[in-house]
file input15.cif (mmCIF, C-alpha atoms)
data_input
#
loop_
_atom_site.group_PDB
_atom_site.id
_atom_site.type_symbol
_atom_site.label_atom_id
_atom_site.label_comp_id
_atom_site.auth_asym_id
_atom_site.auth_seq_id
_atom_site.Cartn_x
_atom_site.Cartn_y
_atom_site.Cartn_z
ATOM 1 C CA MET A 27 80.446 58.329 65.558
ATOM 2 C CA GLY A 28 77.565 55.928 65.496
ATOM 3 C CA ARG A 29 74.595 58.260 65.983
ATOM 4 C CA ARG A 30 73.299 61.540 64.678
ATOM 5 C CA ILE A 31 74.239 64.490 66.858
ATOM 6 C CA ARG A 32 71.109 66.262 68.098
ATOM 7 C CA TRP A 33 71.666 69.891 68.885
ATOM 8 C CA THR A 34 70.043 73.067 70.158
ATOM 9 C CA TRP A 35 71.261 76.623 70.016
ATOM 10 C CA ALA A 36 71.958 76.484 73.725
ATOM 11 C CA ALA A 37 74.324 73.576 73.123
ATOM 12 C CA ALA A 38 76.420 75.328 70.520
ATOM 13 C CA GLY A 39 79.033 76.209 73.103
ATOM 14 C CA LEU A 40 80.848 78.826 71.078
ATOM 15 C CA ALA A 41 78.774 81.979 71.386
ATOM 16 C CA ALA A 42 80.710 84.986 70.190
ATOM 17 C CA ALA A 43 80.317 86.770 73.518
ATOM 18 C CA ALA A 44 82.304 84.042 75.237
ATOM 19 C CA LEU A 45 85.377 84.616 73.097
ATOM 20 C CA THR A 46 88.295 86.567 74.449
ATOM 21 C CA ALA A 47 89.832 89.696 73.000
ATOM 22 C CA GLY A 48 92.289 89.721 70.125
ATOM 23 C CA MET A 49 94.722 92.334 68.945
ATOM 24 C CA VAL A 50 94.154 94.322 65.748
ATOM 25 C CA VAL A 51 97.245 95.162 63.741
ATOM 26 C CA ALA A 52 97.136 97.495 60.752
ATOM 27 C CA VAL A 53 98.140 96.084 57.410
ATOM 28 C CA ASP A 54 100.533 98.911 56.552
ATOM 29 C CA GLY A 55 104.126 97.734 56.527
ATOM 30 C CA HIS A 56 103.341 94.034 56.160
ATOM 31 C CA ARG A 57 105.459 91.999 53.818
ATOM 32 C CA VAL A 58 103.814 91.560 50.458
ATOM 33 C CA THR A 59 104.703 88.878 47.925
ATOM 34 C CA THR A 60 103.032 89.371 44.576
ATOM 35 C CA VAL A 61 105.104 87.522 42.028
ATOM 36 C CA ALA A 62 104.580 83.908 41.037
ATOM 37 C CA VAL A 63 106.880 81.527 42.878
ATOM 38 C CA THR A 64 107.985 78.020 42.070
ATOM 39 C CA SER A 65 107.474 76.597 45.535
ATOM 40 C CA ALA A 66 104.223 74.821 46.316
ATOM 41 C CA PRO A 67 102.341 74.473 49.620
ATOM 42 C CA PRO A 68 103.974 72.278 52.286
ATOM 43 C CA ALA A 69 104.091 68.615 51.305
ATOM 44 C CA ALA A 70 101.889 66.292 53.263
ATOM 45 C CA ALA A 71 103.566 64.483 56.137
ATOM 46 C CA ASP A 72 101.804 61.755 58.018
ATOM 47 C CA SER A 73 101.760 61.834 61.785
ATOM 48 C CA PRO A 74 104.790 60.156 63.413
ATOM 49 C CA ASP A 75 102.731 57.521 65.180
ATOM 50 C CA SER A 76 100.742 56.304 62.184
ATOM 51 C CA SER A 77 101.899 54.058 59.382
ATOM 52 C CA ASP A 78 101.874 55.263 55.791
ATOM 53 C CA SER A 79 98.950 54.080 53.739
ATOM 54 C CA PRO A 80 98.993 53.671 49.957
ATOM 55 C CA ASP A 81 96.582 56.596 49.636
ATOM 56 C CA ASP A 82 99.000 58.929 51.437
ATOM 57 C CA THR A 83 102.002 58.047 49.313
ATOM 58 C CA ALA A 84 100.514 57.476 45.888
ATOM 59 C CA VAL A 85 99.279 61.018 45.255
ATOM 60 C CA SER A 86 101.139 64.284 45.701
ATOM 61 C CA PRO A 87 99.180 67.052 47.462
ATOM 62 C CA VAL A 88 100.385 69.495 44.817
ATOM 63 C CA ALA A 89 99.189 69.646 41.228
ATOM 64 C CA SER A 90 101.813 68.937 38.588
ATOM 65 C CA THR A 91 103.591 72.099 37.532
ATOM 66 C CA THR A 92 102.962 73.383 34.031
ATOM 67 C CA GLU A 93 104.103 76.543 32.292
ATOM 68 C CA VAL A 94 101.378 79.176 32.174
ATOM 69 C CA PRO A 95 101.817 82.583 30.456
ATOM 70 C CA TYR A 96 100.742 84.752 33.390
ATOM 71 C CA PRO A 97 99.852 88.439 33.094
ATOM 72 C CA ASP A 98 101.492 91.010 35.373
ATOM 73 C CA LEU A 99 100.724 89.932 38.939
ATOM 74 C CA SER A 100 102.774 92.535 40.773
ATOM 75 C CA SER A 101 99.809 94.542 42.095
ATOM 76 C CA VAL A 102 97.323 91.766 42.835
ATOM 77 C CA ALA A 103 97.854 91.413 46.589
ATOM 78 C CA ARG A 104 98.033 95.144 47.178
ATOM 79 C CA GLU A 105 94.791 95.707 45.248
ATOM 80 C CA VAL A 106 93.047 93.094 47.396
ATOM 81 C CA SER A 107 94.402 94.634 50.598
ATOM 82 C CA ASP A 108 93.632 98.198 49.524
ATOM 83 C CA ALA A 109 90.027 97.291 48.700
ATOM 84 C CA VAL A 110 89.563 95.673 52.113
ATOM 85 C CA THR A 111 91.152 98.490 54.094
ATOM 86 C CA ALA A 112 89.356 101.186 52.108
ATOM 87 C CA ALA A 113 86.079 99.681 53.296
ATOM 88 C CA SER A 114 87.265 98.830 56.828
ATOM 89 C CA ARG A 115 90.243 100.915 57.938
ATOM 90 C CA GLY A 116 92.816 99.289 60.201
ATOM 91 C CA THR A 117 92.107 95.750 59.000
ATOM 92 C CA SER A 118 94.875 93.144 59.099
ATOM 93 C CA VAL A 119 94.956 90.990 55.958
ATOM 94 C CA GLY A 120 96.415 87.588 55.095
ATOM 95 C CA PHE A 121 95.956 86.545 51.486
ATOM 96 C CA VAL A 122 96.972 83.878 48.976
ATOM 97 C CA LEU A 123 95.929 83.208 45.386
ATOM 98 C CA TYR A 124 97.151 79.772 44.301
ATOM 99 C CA ASP A 125 96.881 78.192 40.850
ATOM 100 C CA ARG A 126 96.305 74.454 41.136
ATOM 101 C CA GLU A 127 96.870 73.993 37.395
ATOM 102 C CA SER A 128 100.476 75.169 37.510
ATOM 103 C CA GLY A 129 101.177 74.464 41.193
ATOM 104 C CA LYS A 130 102.188 78.088 41.759
ATOM 105 C CA GLN A 131 101.347 80.722 44.302
ATOM 106 C CA LEU A 132 100.445 83.730 42.183
ATOM 107 C CA ALA A 133 100.075 86.435 44.809
ATOM 108 C CA SER A 134 100.193 86.731 48.572
ATOM 109 C CA LEU A 135 100.262 89.097 51.499
ATOM 110 C CA ASP A 136 101.418 87.938 54.929
ATOM 111 C CA ALA A 137 100.709 84.387 53.803
ATOM 112 C CA ASP A 138 102.513 82.819 56.767
ATOM 113 C CA ARG A 139 101.054 85.011 59.496
ATOM 114 C CA PRO A 140 98.681 83.127 61.830
ATOM 115 C CA TYR A 141 95.108 84.376 62.091
ATOM 116 C CA TYR A 142 92.212 83.096 64.149
ATOM 117 C CA THR A 143 90.487 80.338 62.222
ATOM 118 C CA ALA A 144 86.944 80.885 63.467
ATOM 119 C CA SER A 145 84.934 78.209 61.611
ATOM 120 C CA VAL A 146 87.673 77.490 59.068
ATOM 121 C CA VAL A 147 88.997 75.031 61.674
ATOM 122 C CA LYS A 148 86.009 72.842 60.762
ATOM 123 C CA LEU A 149 88.045 71.707 57.754
ATOM 124 C CA LEU A 150 90.521 70.121 60.166
ATOM 125 C CA ILE A 151 87.738 68.696 62.339
ATOM 126 C CA ALA A 152 86.215 67.039 59.263
ATOM 127 C CA ILE A 153 89.516 65.668 57.973
ATOM 128 C CA ASP A 154 90.313 64.256 61.404
ATOM 129 C CA GLU A 155 86.902 62.535 61.568
ATOM 130 C CA VAL A 156 87.546 60.571 58.360
ATOM 131 C CA ARG A 157 91.076 59.571 59.391
ATOM 132 C CA SER A 158 91.293 56.402 61.460
ATOM 133 C CA ASN A 159 94.100 54.004 62.371
ATOM 134 C CA GLY A 160 96.444 55.395 59.753
ATOM 135 C CA GLY A 161 93.888 55.129 56.934
ATOM 136 C CA TRP A 162 90.837 56.775 55.460
ATOM 137 C CA ALA A 163 87.196 55.784 55.842
ATOM 138 C CA LEU A 164 83.837 57.463 55.950
ATOM 139 C CA PRO A 165 81.922 57.013 59.206
ATOM 140 C CA ASP A 166 78.360 55.712 59.164
ATOM 141 C CA ALA A 167 75.587 57.507 57.280
ATOM 142 C CA ASP A 168 74.395 59.513 60.280
ATOM 143 C CA ALA A 169 77.906 60.744 60.994
ATOM 144 C CA VAL A 170 78.410 61.695 57.335
ATOM 145 C CA GLU A 171 75.193 63.695 57.587
ATOM 146 C CA ASP A 172 76.640 65.455 60.629
ATOM 147 C CA LEU A 173 79.804 66.315 58.715
ATOM 148 C CA THR A 174 77.684 67.620 55.850
ATOM 149 C CA ASP A 175 75.671 69.858 58.175
ATOM 150 C CA MET A 176 78.826 71.087 59.893
ATOM 151 C CA LEU A 177 80.321 72.197 56.574
ATOM 152 C CA GLU A 178 77.226 73.278 54.646
ATOM 153 C CA GLY A 179 75.641 75.211 57.492
ATOM 154 C CA SER A 180 78.814 75.849 59.489
ATOM 155 C CA ASN A 181 77.006 74.177 62.374
ATOM 156 C CA ASP A 182 78.695 75.017 65.670
ATOM 157 C CA ALA A 183 76.953 72.422 67.827
ATOM 158 C CA ILE A 184 78.124 69.544 65.641
ATOM 159 C CA ALA A 185 81.647 70.991 65.548
ATOM 160 C CA SER A 186 81.637 71.261 69.343
ATOM 161 C CA ALA A 187 80.460 67.671 69.744
ATOM 162 C CA LEU A 188 83.153 66.335 67.395
ATOM 163 C CA TRP A 189 85.740 68.558 69.065
ATOM 164 C CA GLU A 190 84.967 67.096 72.479
ATOM 165 C CA GLN A 191 84.577 63.539 71.187
ATOM 166 C CA ASN A 192 87.854 63.435 69.220
ATOM 167 C CA GLY A 193 90.272 65.078 71.615
ATOM 168 C CA GLY A 194 89.869 68.824 71.272
ATOM 169 C CA ASN A 195 93.236 70.453 70.731
ATOM 170 C CA GLU A 196 94.690 67.119 69.639
ATOM 171 C CA ILE A 197 92.590 67.384 66.462
ATOM 172 C CA VAL A 198 94.508 70.481 65.385
ATOM 173 C CA THR A 199 97.879 69.117 66.442
ATOM 174 C CA ARG A 200 97.629 65.761 64.703
ATOM 175 C CA THR A 201 95.924 67.069 61.550
ATOM 176 C CA ALA A 202 98.499 69.841 61.182
ATOM 177 C CA ALA A 203 101.233 67.183 61.444
ATOM 178 C CA LEU A 204 99.426 64.946 58.965
ATOM 179 C CA ILE A 205 99.095 67.650 56.316
ATOM 180 C CA GLY A 206 102.401 69.360 57.064
ATOM 181 C CA LEU A 207 101.020 72.682 58.276
ATOM 182 C CA THR A 208 103.659 74.930 59.815
ATOM 183 C CA HIS A 209 101.674 77.907 61.121
ATOM 184 C CA THR A 210 98.623 76.149 62.578
ATOM 185 C CA THR A 211 98.201 75.863 66.344
ATOM 186 C CA PRO A 212 95.397 74.824 68.703
ATOM 187 C CA PRO A 213 93.604 77.425 70.846
ATOM 188 C CA THR A 214 95.005 78.493 74.191
ATOM 189 C CA ASP A 215 91.607 77.775 75.713
ATOM 190 C CA PRO A 216 90.877 74.182 74.616
ATOM 191 C CA THR A 217 87.120 74.765 74.843
ATOM 192 C CA GLN A 218 87.186 77.489 72.166
ATOM 193 C CA TRP A 219 87.952 75.756 68.840
ATOM 194 C CA GLY A 220 87.396 78.973 66.883
ATOM 195 C CA MET A 221 90.434 80.477 68.602
ATOM 196 C CA ALA A 222 92.794 78.052 66.873
ATOM 197 C CA LYS A 223 95.168 79.849 64.537
ATOM 198 C CA THR A 224 96.284 79.173 60.982
ATOM 199 C CA SER A 225 97.819 81.048 58.067
ATOM 200 C CA ALA A 226 96.603 81.664 54.540
ATOM 201 C CA SER A 227 99.364 79.421 53.198
ATOM 202 C CA ASP A 228 98.341 76.607 55.554
ATOM 203 C CA VAL A 229 94.729 76.887 54.418
ATOM 204 C CA VAL A 230 95.907 76.495 50.808
ATOM 205 C CA ALA A 231 97.817 73.369 51.813
ATOM 206 C CA THR A 232 94.707 72.034 53.569
ATOM 207 C CA TYR A 233 92.584 72.387 50.432
ATOM 208 C CA GLU A 234 95.303 70.759 48.331
ATOM 209 C CA TYR A 235 95.457 67.863 50.763
ATOM 210 C CA LEU A 236 91.694 67.469 50.740
ATOM 211 C CA THR A 237 91.455 67.516 46.943
ATOM 212 C CA ASN A 238 94.639 65.627 46.022
ATOM 213 C CA VAL A 239 95.552 63.218 48.819
ATOM 214 C CA ILE A 240 92.419 62.013 50.590
ATOM 215 C CA PRO A 241 90.832 59.229 48.500
ATOM 216 C CA ASP A 242 88.039 60.472 46.245
ATOM 217 C CA GLU A 243 85.336 58.353 47.847
ATOM 218 C CA VAL A 244 86.176 59.827 51.264
ATOM 219 C CA ALA A 245 86.774 63.411 50.152
ATOM 220 C CA GLU A 246 83.714 63.640 47.900
ATOM 221 C CA PRO A 247 81.082 64.127 50.642
ATOM 222 C CA LEU A 248 83.213 66.824 52.252
ATOM 223 C CA LEU A 249 83.835 68.636 48.974
ATOM 224 C CA SER A 250 80.164 68.374 48.045
ATOM 225 C CA ALA A 251 79.225 69.956 51.361
ATOM 226 C CA LEU A 252 81.654 72.813 50.730
ATOM 227 C CA ALA A 253 80.122 73.275 47.268
ATOM 228 C CA ASN A 254 76.649 73.470 48.804
ATOM 229 C CA ALA A 255 77.326 75.878 51.649
ATOM 230 C CA ARG A 256 73.910 77.279 52.450
ATOM 231 C CA ASN A 257 72.946 80.830 53.192
ATOM 232 C CA PRO A 258 72.282 81.881 55.834
ATOM 233 C CA ALA A 259 74.400 79.592 57.961
ATOM 234 C CA ASP A 260 72.766 77.641 60.762
ATOM 235 C CA ASP A 261 73.402 80.489 63.233
ATOM 236 C CA GLY A 262 71.619 82.951 60.919
ATOM 237 C CA TRP A 263 74.824 84.566 59.662
ATOM 238 C CA ASP A 264 75.110 85.644 56.019
ATOM 239 C CA GLN A 265 78.025 83.468 54.937
ATOM 240 C CA TYR A 266 78.133 84.457 51.262
ATOM 241 C CA PHE A 267 80.575 87.306 51.836
ATOM 242 C CA GLY A 268 83.923 87.172 50.066
ATOM 243 C CA ILE A 269 84.171 84.428 47.450
ATOM 244 C CA PRO A 270 80.471 83.805 46.720
ATOM 245 C CA ASP A 271 79.444 87.465 46.420
ATOM 246 C CA GLY A 272 82.777 88.730 45.099
ATOM 247 C CA LEU A 273 83.111 86.178 42.277
ATOM 248 C CA PRO A 274 79.532 85.713 41.037
ATOM 249 C CA GLY A 275 78.901 83.083 38.395
ATOM 250 C CA ARG A 276 81.899 80.956 39.375
ATOM 251 C CA PRO A 277 81.526 77.545 41.027
ATOM 252 C CA TRP A 278 83.182 77.227 44.411
ATOM 253 C CA GLN A 279 83.816 74.968 47.371
ATOM 254 C CA ILE A 280 84.080 77.216 50.412
ATOM 255 C CA LYS A 281 84.605 77.281 54.144
ATOM 256 C CA GLN A 282 83.927 80.645 55.681
ATOM 257 C CA GLY A 283 84.785 81.856 59.163
ATOM 258 C CA TRP A 284 83.337 84.606 61.355
ATOM 259 C CA MET A 285 83.835 85.469 64.992
ATOM 260 C CA ILE A 286 83.238 88.522 67.159
ATOM 261 C CA LEU A 287 85.959 89.280 69.688
ATOM 262 C CA ARG A 288 85.774 91.883 72.417
ATOM 263 C CA ASN A 289 87.501 94.478 70.247
ATOM 264 C CA ALA A 290 87.695 92.951 66.782
ATOM 265 C CA LEU A 291 85.784 91.143 64.055
ATOM 266 C CA VAL A 292 87.337 88.046 62.447
ATOM 267 C CA LEU A 293 86.120 87.317 58.914
ATOM 268 C CA ASN A 294 87.716 84.675 56.678
ATOM 269 C CA THR A 295 86.704 83.581 53.195
ATOM 270 C CA THR A 296 88.458 80.494 51.834
ATOM 271 C CA GLY A 297 87.875 77.988 49.083
ATOM 272 C CA VAL A 298 88.546 76.413 45.715
ATOM 273 C CA VAL A 299 87.174 78.540 42.865
ATOM 274 C CA GLY A 300 86.303 77.023 39.512
ATOM 275 C CA GLY A 301 88.262 73.896 40.413
ATOM 276 C CA ARG A 302 91.487 75.716 39.519
ATOM 277 C CA TYR A 303 92.245 78.408 42.099
ATOM 278 C CA VAL A 304 92.570 78.277 45.857
ATOM 279 C CA VAL A 305 91.623 81.678 47.248
ATOM 280 C CA VAL A 306 92.214 82.524 50.898
ATOM 281 C CA LEU A 307 91.538 85.913 52.480
ATOM 282 C CA MET A 308 91.804 86.105 56.258
ATOM 283 C CA THR A 309 91.031 89.327 58.099
ATOM 284 C CA GLN A 310 90.957 90.732 61.584
ATOM 285 C CA GLN A 311 89.043 93.982 61.551
ATOM 286 C CA PRO A 312 88.246 96.659 64.111
ATOM 287 C CA LEU A 313 84.897 96.056 65.765
ATOM 288 C CA VAL A 314 82.816 97.330 62.858
ATOM 289 C CA SER A 315 79.311 96.198 61.983
ATOM 290 C CA SER A 316 79.094 92.705 60.548
ATOM 291 C CA ALA A 317 77.609 94.113 57.332
ATOM 292 C CA LYS A 318 80.508 96.539 56.895
ATOM 293 C CA GLY A 319 83.025 93.802 57.652
ATOM 294 C CA ARG A 320 81.494 91.400 55.151
ATOM 295 C CA ALA A 321 81.367 94.134 52.496
ATOM 296 C CA ALA A 322 85.077 94.817 53.022
ATOM 297 C CA VAL A 323 86.030 91.162 52.481
ATOM 298 C CA THR A 324 83.793 90.961 49.416
ATOM 299 C CA ALA A 325 85.375 94.120 47.991
ATOM 300 C CA GLY A 326 88.818 92.552 48.328
ATOM 301 C CA ILE A 327 87.804 89.338 46.596
ATOM 302 C CA ALA A 328 85.968 91.223 43.841
ATOM 303 C CA THR A 329 89.269 92.727 42.655
ATOM 304 C CA LEU A 330 90.263 89.215 41.535
ATOM 305 C CA ALA A 331 87.379 88.760 39.105
ATOM 306 C CA PRO A 332 89.023 90.375 36.036
ATOM 307 C CA LEU A 333 92.305 88.570 36.727
ATOM 308 C CA LEU A 334 90.681 85.136 36.975
ATOM 309 C CA THR A 335 88.840 85.766 33.723
ATOM 310 C CA GLN A 336 92.147 86.664 32.103
ATOM 311 C CA LEU A 337 93.888 83.620 33.551
ATOM 312 C CA ASP A 338 91.118 81.320 32.393
ATOM 313 C CA ALA A 339 91.801 82.487 28.847
ATOM 314 C CA THR A 340 95.471 81.458 29.029
#
call {"tool": "encode", "arguments": {"input": "input15.cif", "output": "structure tokens"}}
result
Amino acid sequence: MGRRIRWTWAAAGLAAAALTAGMVVAVDGHRVTTVAVTSAPPAAADSPDSSDSPDDTAVSPVASTTEVPYPDLSSVAREVSDAVTAASRGTSVGFVLYDRESGKQLASLDADRPYYTASVVKLLIAIDEVRSNGGWALPDADAVEDLTDMLEGSNDAIASALWEQNGGNEIVTRTAALIGLTHTTPPTDPTQWGMAKTSASDVVATYEYLTNVIPDEVAEPLLSALANARNPADDGWDQYFGIPDGLPGRPWQIKQGWMILRNALVLNTTGVVGGRYVVVLMTQQPLVSSAKGRAAVTAGIATLAPLLTQLDAT
């Protein structure tokens, strides 16, 4: 993209009122996995029609596995879920806590269930923008500034412009194939990028791909933008729910997602915390107030604070 995208609120194109209804499913009865497992997120697989580049093959998307003396993790996912649902009854929860140091998933709940991405899909839009002709390259300075604004401020107008410019649904399809995502699908309505779906486990794999596979000089501006997510977001939304407010004092690189459906509120908090942990909490809540919904997600994340302190000491 050779020029800076100029935008207005009227051009954003993804107003919440235009989004269609989603179904709310209670969390009770969902499969919960809370013990550490040896499997890592899906390995990166390049798209069938592009040739492998040295950058794709030289680095594994998964950190090398090391033995870590973990504490009891059996209740972690349930404590997260219980905190969320206590604050917002009837919420559906997808959750993963992943340790990049050991390459292990420490706790999860419905990790493979697809949820609406809302603005989390901007991670895929950004990755697709820096992928060209089977290789990696930053676009020009103006386009990098657009990517920065899209991630820091969760700017919808820039996301919409890139979505239209780069093929819409094809962005999700080809980037999911590139990374090896197995539960990520484009939206039914190709004009509504926030209605794409992904799972907590696929979001973990996306962060691992961004931090481990994409060359440092290409990934760095994206990661810096995630580390400097501003509050409020460009649409005026308080985007410090979940990871920022629930884990105060810890550095993070985050991509948040929020979306109001006809009968539900979608709130997702995702990111790399302290350089070591990937934390993903995806929720679909009844149509509660945005403040109540954000507080519920923050309450769930806050249950992790003592555990992360304990893990850091190992």
call {"tool": "closest_residue", "arguments": {"input": "input15.cif", "among": "A:Leu287, A:Val298, A:Val94, A:Leu337", "to": "Leu249 (chain A)", "atoms": "only C-alpha atoms"}}
result
A:Val298
call {"tool": "residues_near_point", "arguments": {"input": "input15.cif", "point": "(79.5, 82.6, 47.9)", "cutoff": "12 Å", "atoms": "only C-alpha atoms", "output": "PyMOL selection string"}}
result
chain A and resi 178+252-259+264-282+295-299+320+323-324+327-328
call {"tool": "atom_distance", "arguments": {"input": "input15.cif", "atom1": "CA of Leu135 (chain A)", "atom2": "CA of Ile205 (chain A)"}}
result
22.0 Å
call {"tool": "atom_distance", "arguments": {"input": "input15.cif", "atom1": "CA of Val156 (chain A)", "atom2": "CA of Asn195 (chain A)"}}
result
16.8 Å
call {"tool": "residues_near_point", "arguments": {"input": "input15.cif", "point": "(86.7, 71.2, 77.0)", "cutoff": "8 Å", "atoms": "all atoms listed in the file", "output": "PDB file with C-alpha atoms, in the coordinates of the input"}}
result
ATOM      1  CA  GLU A 190      84.967  67.096  72.479  1.00  0.00           C
ATOM      2  CA  GLY A 194      89.869  68.824  71.272  1.00  0.00           C
ATOM      3  CA  PRO A 216      90.877  74.182  74.616  1.00  0.00           C
ATOM      4  CA  THR A 217      87.120  74.765  74.843  1.00  0.00           C
ATOM      5  CA  GLN A 218      87.186  77.489  72.166  1.00  0.00           C
TER       6      GLN A 218
END
call {"tool": "atom_distance", "arguments": {"input": "input15.cif", "atom1": "CA of Ala109 (chain A)", "atom2": "CA of Gly319 (chain A)"}}
result
11.9 Å
call {"tool": "resolve_selection", "arguments": {"input": "input15.cif", "expression": "the PyMOL selection byres ((chain A and resi 305-309) around 8)", "output": "PyMOL selection string"}}
result
chain A and resi 117-124+141+226+229-230+269+292-299+303-304+310-311+323+327
call {"tool": "resolve_selection", "arguments": {"input": "input15.cif", "expression": "the PyMOL selection byres ((chain A and resi 138) around 9)", "output": "VMD selection string"}}
result
chain A and resid 120 135 to 137 139 to 140 208 to 209 224 to 228
call {"tool": "resolve_selection", "arguments": {"input": "input15.cif", "expression": "the PyMOL selection byres ((chain A and resi 164) around 9)", "output": "PyMOL selection string"}}
result
chain A and resi 155-157+162-163+165-167+169-170+243-245+247
call {"tool": "closest_residue", "arguments": {"input": "input15.cif", "among": "A:Pro97, A:Gly220, A:Gly179, A:Pro212", "to": "Asp338 (chain A)", "atoms": "all atoms listed in the file"}}
result
A:Pro97
call {"tool": "closest_residue", "arguments": {"input": "input15.cif", "among": "A:Thr329, A:Thr210, A:Ser315, A:Gln336", "to": "Ser114 (chain A)", "atoms": "only C-alpha atoms"}}
result
A:Ser315
call {"tool": "residues_around", "arguments": {"input": "input15.cif", "residues": "region 191-193 of chain A", "least_positions_apart": "5", "cutoff": "12 Å", "atoms": "all atoms listed in the file", "output": "list in words"}}
result
Met27, Gly28, Ile31, Leu150, Ile151, Ala152, Ile153, Asp154, Glu155, Val156, Arg157, Ser158, Ile184, Ala185, Ser186, Val198, Thr199, Arg200, Thr201, Pro212, Pro216, Thr217 and Trp219 of chain A
call {"tool": "residues_around", "arguments": {"input": "input15.cif", "residues": "Val102 (chain A)", "least_positions_apart": "2", "cutoff": "12 Å", "atoms": "only C-alpha atoms", "output": "number ranges by chain"}}
result
A: 58-62, 97-100, 104-109, 121-123, 131-135, 326-334
call {"tool": "closest_residue", "arguments": {"input": "input15.cif", "among": "A:Ser128, A:Thr111, A:Gly116, A:Ala322", "to": "Thr340 (chain A)", "atoms": "only C-alpha atoms"}}
result
A:Ser128
call {"tool": "closest_residue", "arguments": {"input": "input15.cif", "among": "A:Ser316, A:Pro241, A:Tyr233, A:Ala325", "to": "Gly301 (chain A)", "atoms": "only C-alpha atoms"}}
result
A:Tyr233
call {"tool": "axis_aligned_box", "arguments": {"input": "input15.cif", "around": "region 251-262 of chain A", "padding_each_side": "8 Å", "output": "lines of an AutoDock Vina configuration file"}}
result
center_x = 76.6
center_y = 76.5
center_z = 55.3
size_x = 26.0
size_y = 29.0
size_z = 32.0
call {"tool": "closest_residue", "arguments": {"input": "input15.cif", "among": "A:Gly160, A:Pro213, A:Pro312, A:Pro95", "to": "Leu291 (chain A)", "atoms": "all atoms listed in the file"}}
result
A:Pro312
call {"tool": "build_atoms", "arguments": {"input": "input15.cif", "residues": "region 284-297 of chain A", "atoms": "N, CA and C atoms", "output": "short mmCIF file (atom, residue, chain, number, x, y, z; two decimals), in the frame of the given file"}}
result
data_model
loop_
_atom_site.label_atom_id
_atom_site.label_comp_id
_atom_site.auth_asym_id
_atom_site.auth_seq_id
_atom_site.Cartn_x
_atom_site.Cartn_y
_atom_site.Cartn_z
N TRP A 284 83.70 83.31 60.77
CA TRP A 284 83.34 84.61 61.36
C TRP A 284 83.31 84.47 62.86
N MET A 285 83.74 85.52 63.54
CA MET A 285 83.84 85.47 64.99
C MET A 285 83.96 86.89 65.51
N ILE A 286 83.18 87.20 66.54
CA ILE A 286 83.24 88.52 67.16
C ILE A 286 84.06 88.43 68.44
N LEU A 287 85.15 89.18 68.49
CA LEU A 287 85.96 89.28 69.69
C LEU A 287 85.53 90.53 70.47
N ARG A 288 86.14 90.73 71.60
CA ARG A 288 85.77 91.88 72.42
C ARG A 288 86.06 93.20 71.69
N ASN A 289 87.15 93.23 70.92
CA ASN A 289 87.50 94.48 70.25
C ASN A 289 87.84 94.28 68.78
N ALA A 290 87.37 93.20 68.19
CA ALA A 290 87.70 92.95 66.78
C ALA A 290 86.67 92.00 66.16
N LEU A 291 86.64 92.03 64.84
CA LEU A 291 85.78 91.14 64.06
C LEU A 291 86.68 90.29 63.16
N VAL A 292 86.58 88.98 63.28
CA VAL A 292 87.34 88.05 62.45
C VAL A 292 86.44 87.56 61.32
N LEU A 293 86.87 87.78 60.08
CA LEU A 293 86.12 87.32 58.91
C LEU A 293 87.10 86.68 57.93
N ASN A 294 86.86 85.42 57.60
CA ASN A 294 87.72 84.68 56.68
C ASN A 294 86.88 84.08 55.56
N THR A 295 87.34 84.26 54.33
CA THR A 295 86.70 83.58 53.20
C THR A 295 87.76 82.72 52.52
N THR A 296 87.47 81.43 52.37
CA THR A 296 88.46 80.49 51.83
C THR A 296 87.76 79.49 50.93
N GLY A 297 88.47 79.03 49.90
CA GLY A 297 87.88 77.99 49.08
C GLY A 297 88.58 77.74 47.78
#
